[in-house]
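Asks: Structure in structure tokens, see below.
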Amino acid sequence: MRLIGEKIQESISKLAFMIIVFFLATATRGEWLLVIVYMFRDQLQELMGGQVGLVRPGGGGNNASAPSLSSQLESHHLRNVHWFVVMAVTTSFVMYYGMAYGWHYYYYVNRRHLAKEWKCQPDKFLTPENERHEILLGSMNMLIGSTASGIIACYIMNGGSSKMYYSISDRGSLYFTFSLVGFFVYNETMAYYLHRLFHKPWLYKKIHKMHHRYHQPTAWSAVAMHPLEFIMYQGYLAATPFLVPIHVFPFLFVLLYSYYYGLCDHSGIKMGAIWPWQPHSYFHDNHHKYFHVNFGFNTYFFDWFHDTLRKENREYGEDVFGGRGKQILKAD
Ligand SMILES: [Zn+2]
Ligand SMILES: [Zn+2]
């Protein structure tokens, strides 16, 4: 009886943990606002009408020869954009800081002495200097990301054109399924090759090394990277609904899936996944520990295909480029 009680308690805390990470993930780049706009766009437009920023035909300033800023914004589907940006940025920061700190406190403060039980690298922790660095750099990227999300949400809310659609019957269930798998594969393909490109010596030293100063990553590290790199990762995802017809569900599912595991992978906490193709959190933690191996994020496939998986009998280090490591030569 007691055992069942403990199991239930364990399942509840696991579920609570997953929910917290999910919200943490959505907050990372202000996507919570996009979620709301995508899901409830019609209802919100009806509810808020002229107040929030729907484009009215012929609407705008009174002076035709010198259009006001608001009428210019309105003509670009960006009426009241400042409110969208303020909402996206504020909520993202409050949620992210609140939850990331809770997580940090639960493991890194309260259970620090039990690190062998929960930590991927139990004997090593980030230095306070690197902790401050990742929080500052991550915050700057979150500011960029949530501002961009606020602008995109405003654009869609104001009737700006995109190829996003909301009813499965518009293109049928076959297209829906194909786009779900296709978008997942596209995300992983772009992430793997872009990441591998950033591990070329010149780009690594100039740009990606900034992310690799965190040898023992924490949740904050997930968004702490060179802003150019951050914009590129966010850009190819955000551009998709403007280029290819995609239903709202596959778009959000893949986006949140990759953010969720991005946080788990950087948490430094041992975490498996329910999906058989999704690597354990060790996989990316090892990327930070051994540098030029394990470039994938949501599958092992590309690392297996290109022979860039970390192997036991190799020597790795920040100056061992190429993804294969030096062969360890055994003396006879
Ligand atoms: Zn890397
Ligand atoms: Zn990383």
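Simple scheme: letters A, B, ... for chains in structure tokens order, numbers from 1 for residues in each chain, numbers from 1 for ligands in the order shown.
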Could you pull out the alpha helix (DSSP H) residues of stretch 69-271 of chain A, going by DSSP on the backbone, and write them as a VMD selection string?
Replies: chain A and resid 69 to 75 81 to 104 115 to 118 128 to 157 172 to 197 201 to 203 209 to 212 227 to 243 248 to 266
Asks: Check which residues fall inside 9 Å of ligand 2 when counting only C-alpha atoms and all ligand atoms, and print them as number ranges by chain.
Replies: A: 211-212, 214, 217, 221-225, 262, 265-266, 284-285, 287-288
Asks: One decimal, in Å: what's the spacing between atom CA of A:Pro279 and atom CA of A:Phe297?
Replies: 7.5 Å
Asks: Mind dumping a table of every chain A residue within 10 Å of ligand 1, with the nearest atom pair and its distance in Å to one decimal, using only C-alpha atoms and all ligand atoms, sorted by chain and rising number, as a Markdown table?
Replies:
| residue | atom | partner | partner_atom_place_in_ligand_line | distance |
| --- | --- | --- | --- | --- |
| A:Tyr192 | CA | ligand 1 | 1 (Zn) | 9.8 |
| A:Leu194 | CA | ligand 1 | 1 (Zn) | 9.8 |
| A:His195 | CA | ligand 1 | 1 (Zn) | 6.1 |
| A:Arg196 | CA | ligand 1 | 1 (Zn) | 7.4 |
| A:Leu197 | CA | ligand 1 | 1 (Zn) | 9.5 |
| A:Phe198 | CA | ligand 1 | 1 (Zn) | 7.1 |
| A:His199 | CA | ligand 1 | 1 (Zn) | 6.4 |
| A:Tyr204 | CA | ligand 1 | 1 (Zn) | 8.2 |
| A:His208 | CA | ligand 1 | 1 (Zn) | 6.5 |
| A:Lys209 | CA | ligand 1 | 1 (Zn) | 7.8 |
| A:Met210 | CA | ligand 1 | 1 (Zn) | 9.6 |
| A:His211 | CA | ligand 1 | 1 (Zn) | 7.1 |
| A:His212 | CA | ligand 1 | 1 (Zn) | 6.4 |
| A:Met225 | CA | ligand 1 | 1 (Zn) | 9.9 |
| A:His284 | CA | ligand 1 | 1 (Zn) | 8.7 |
| A:His287 | CA | ligand 1 | 1 (Zn) | 6.6 |
| A:His288 | CA | ligand 1 | 1 (Zn) | 7.0 |
| A:Tyr290 | CA | ligand 1 | 1 (Zn) | 9.8 |
| A:Phe291 | CA | ligand 1 | 1 (Zn) | 6.5 |
| A:His292 | CA | ligand 1 | 1 (Zn) | 6.8 |
| A:Val293 | CA | ligand 1 | 1 (Zn) | 8.1 |
| A:Asn294 | CA | ligand 1 | 1 (Zn) | 8.4 |
| A:Phe295 | CA | ligand 1 | 1 (Zn) | 6.5 |
| A:Gly296 | CA | ligand 1 | 1 (Zn) | 9.4 |
Asks: How would the residues just picked look written out with C-alpha atoms as a short mmCIF file (atom, residue, chain, number, x, y, z; two decimals), in the first residue's frame?
Replies:
data_model
loop_
_atom_site.label_atom_id
_atom_site.label_comp_id
_atom_site.auth_asym_id
_atom_site.auth_seq_id
_atom_site.Cartn_x
_atom_site.Cartn_y
_atom_site.Cartn_z
CA TYR A 192 22.49 19.38 -36.97
CA LEU A 194 24.07 24.48 -38.67
CA HIS A 195 25.54 23.27 -35.39
CA ARG A 196 28.20 21.30 -37.23
CA LEU A 197 29.03 24.34 -39.32
CA PHE A 198 29.52 26.34 -36.12
CA HIS A 199 32.07 23.69 -35.08
CA TYR A 204 33.80 27.94 -33.56
CA HIS A 208 30.12 29.16 -31.07
CA LYS A 209 32.85 29.07 -28.41
CA MET A 210 30.72 31.53 -26.47
CA HIS A 211 28.16 28.75 -25.84
CA HIS A 212 30.89 26.22 -25.06
CA MET A 225 24.96 31.75 -27.07
CA HIS A 284 24.18 16.96 -25.16
CA HIS A 287 28.73 17.58 -26.20
CA HIS A 288 29.65 20.29 -23.69
CA TYR A 290 33.87 16.60 -25.06
CA PHE A 291 33.24 19.52 -27.51
CA HIS A 292 33.28 18.36 -31.16
CA VAL A 293 30.95 15.31 -31.03
CA ASN A 294 27.20 14.61 -30.63
CA PHE A 295 25.99 17.54 -32.75
CA GLY A 296 22.34 16.42 -33.00
#
Asks: Using only C-alpha atoms, can you tell me which of A:Leu237, A:Ile152, A:Ala115, A:Met142 comes closest to A:Thr91?
Replies: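 Ranking A:Leu237, A:Ile152, A:Ala115, A:Met142 by distance to A:Thr91, first place goes to A:Met142.
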Asks: Pick the closest to A:Lys205 from A:Lys270, A:Lys311, A:Lys7, A:His226: which is it, counting only C-alpha atoms?
Replies: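 Under the stated criterion, the closest residue is A:His226.
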Asks: I need the residue nearest A:Val86 from this list: A:Gly317, A:Ile151, A:Pro276, A:Gly182. Use only C-alpha atoms for the distance.
Replies: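 Counting only C-alpha atoms, the residue closest to A:Val86 is A:Ile151.
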Asks: Which of these, A:Trp83, A:Phe230, A:Phe242, A:Tyr236, has the shortest distance to A:Gly150 once you count only C-alpha atoms?
Replies: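 For A:Gly150, the nearest of the candidates is A:Trp83.
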Asks: Near A:Tyr107, counting only C-alpha atoms, which residues have an atom at most 12 Å away, once you skip same-chain residues fewer than 2 positions from it, shown as a list in words?
Replies: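 Close residues of A:Tyr107: Phe17, Ala100, Tyr101, Gly102, Trp103, His104, Tyr105, Val109, Asn110, Arg111, Arg112, His113, Leu114, Ala115, Lys116, Glu117, Trp118, Lys119, Pro122, Thr218, Ala219, Ser267, Gly268, Ile269 and Lys270 of chain A.
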Asks: Could you state the separation of atom CA of A:Arg213 and atom CA of A:Asn130 in Å, given to one decimal place?
Replies: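 Distance reported for this atom pair: 7.6 Å.
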Asks: In Å, rounded to a single decimal, give me how far atom CA of A:Asn141 is from atom CA of A:Thr90.
Replies: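 It comes out at 13.8 Å.
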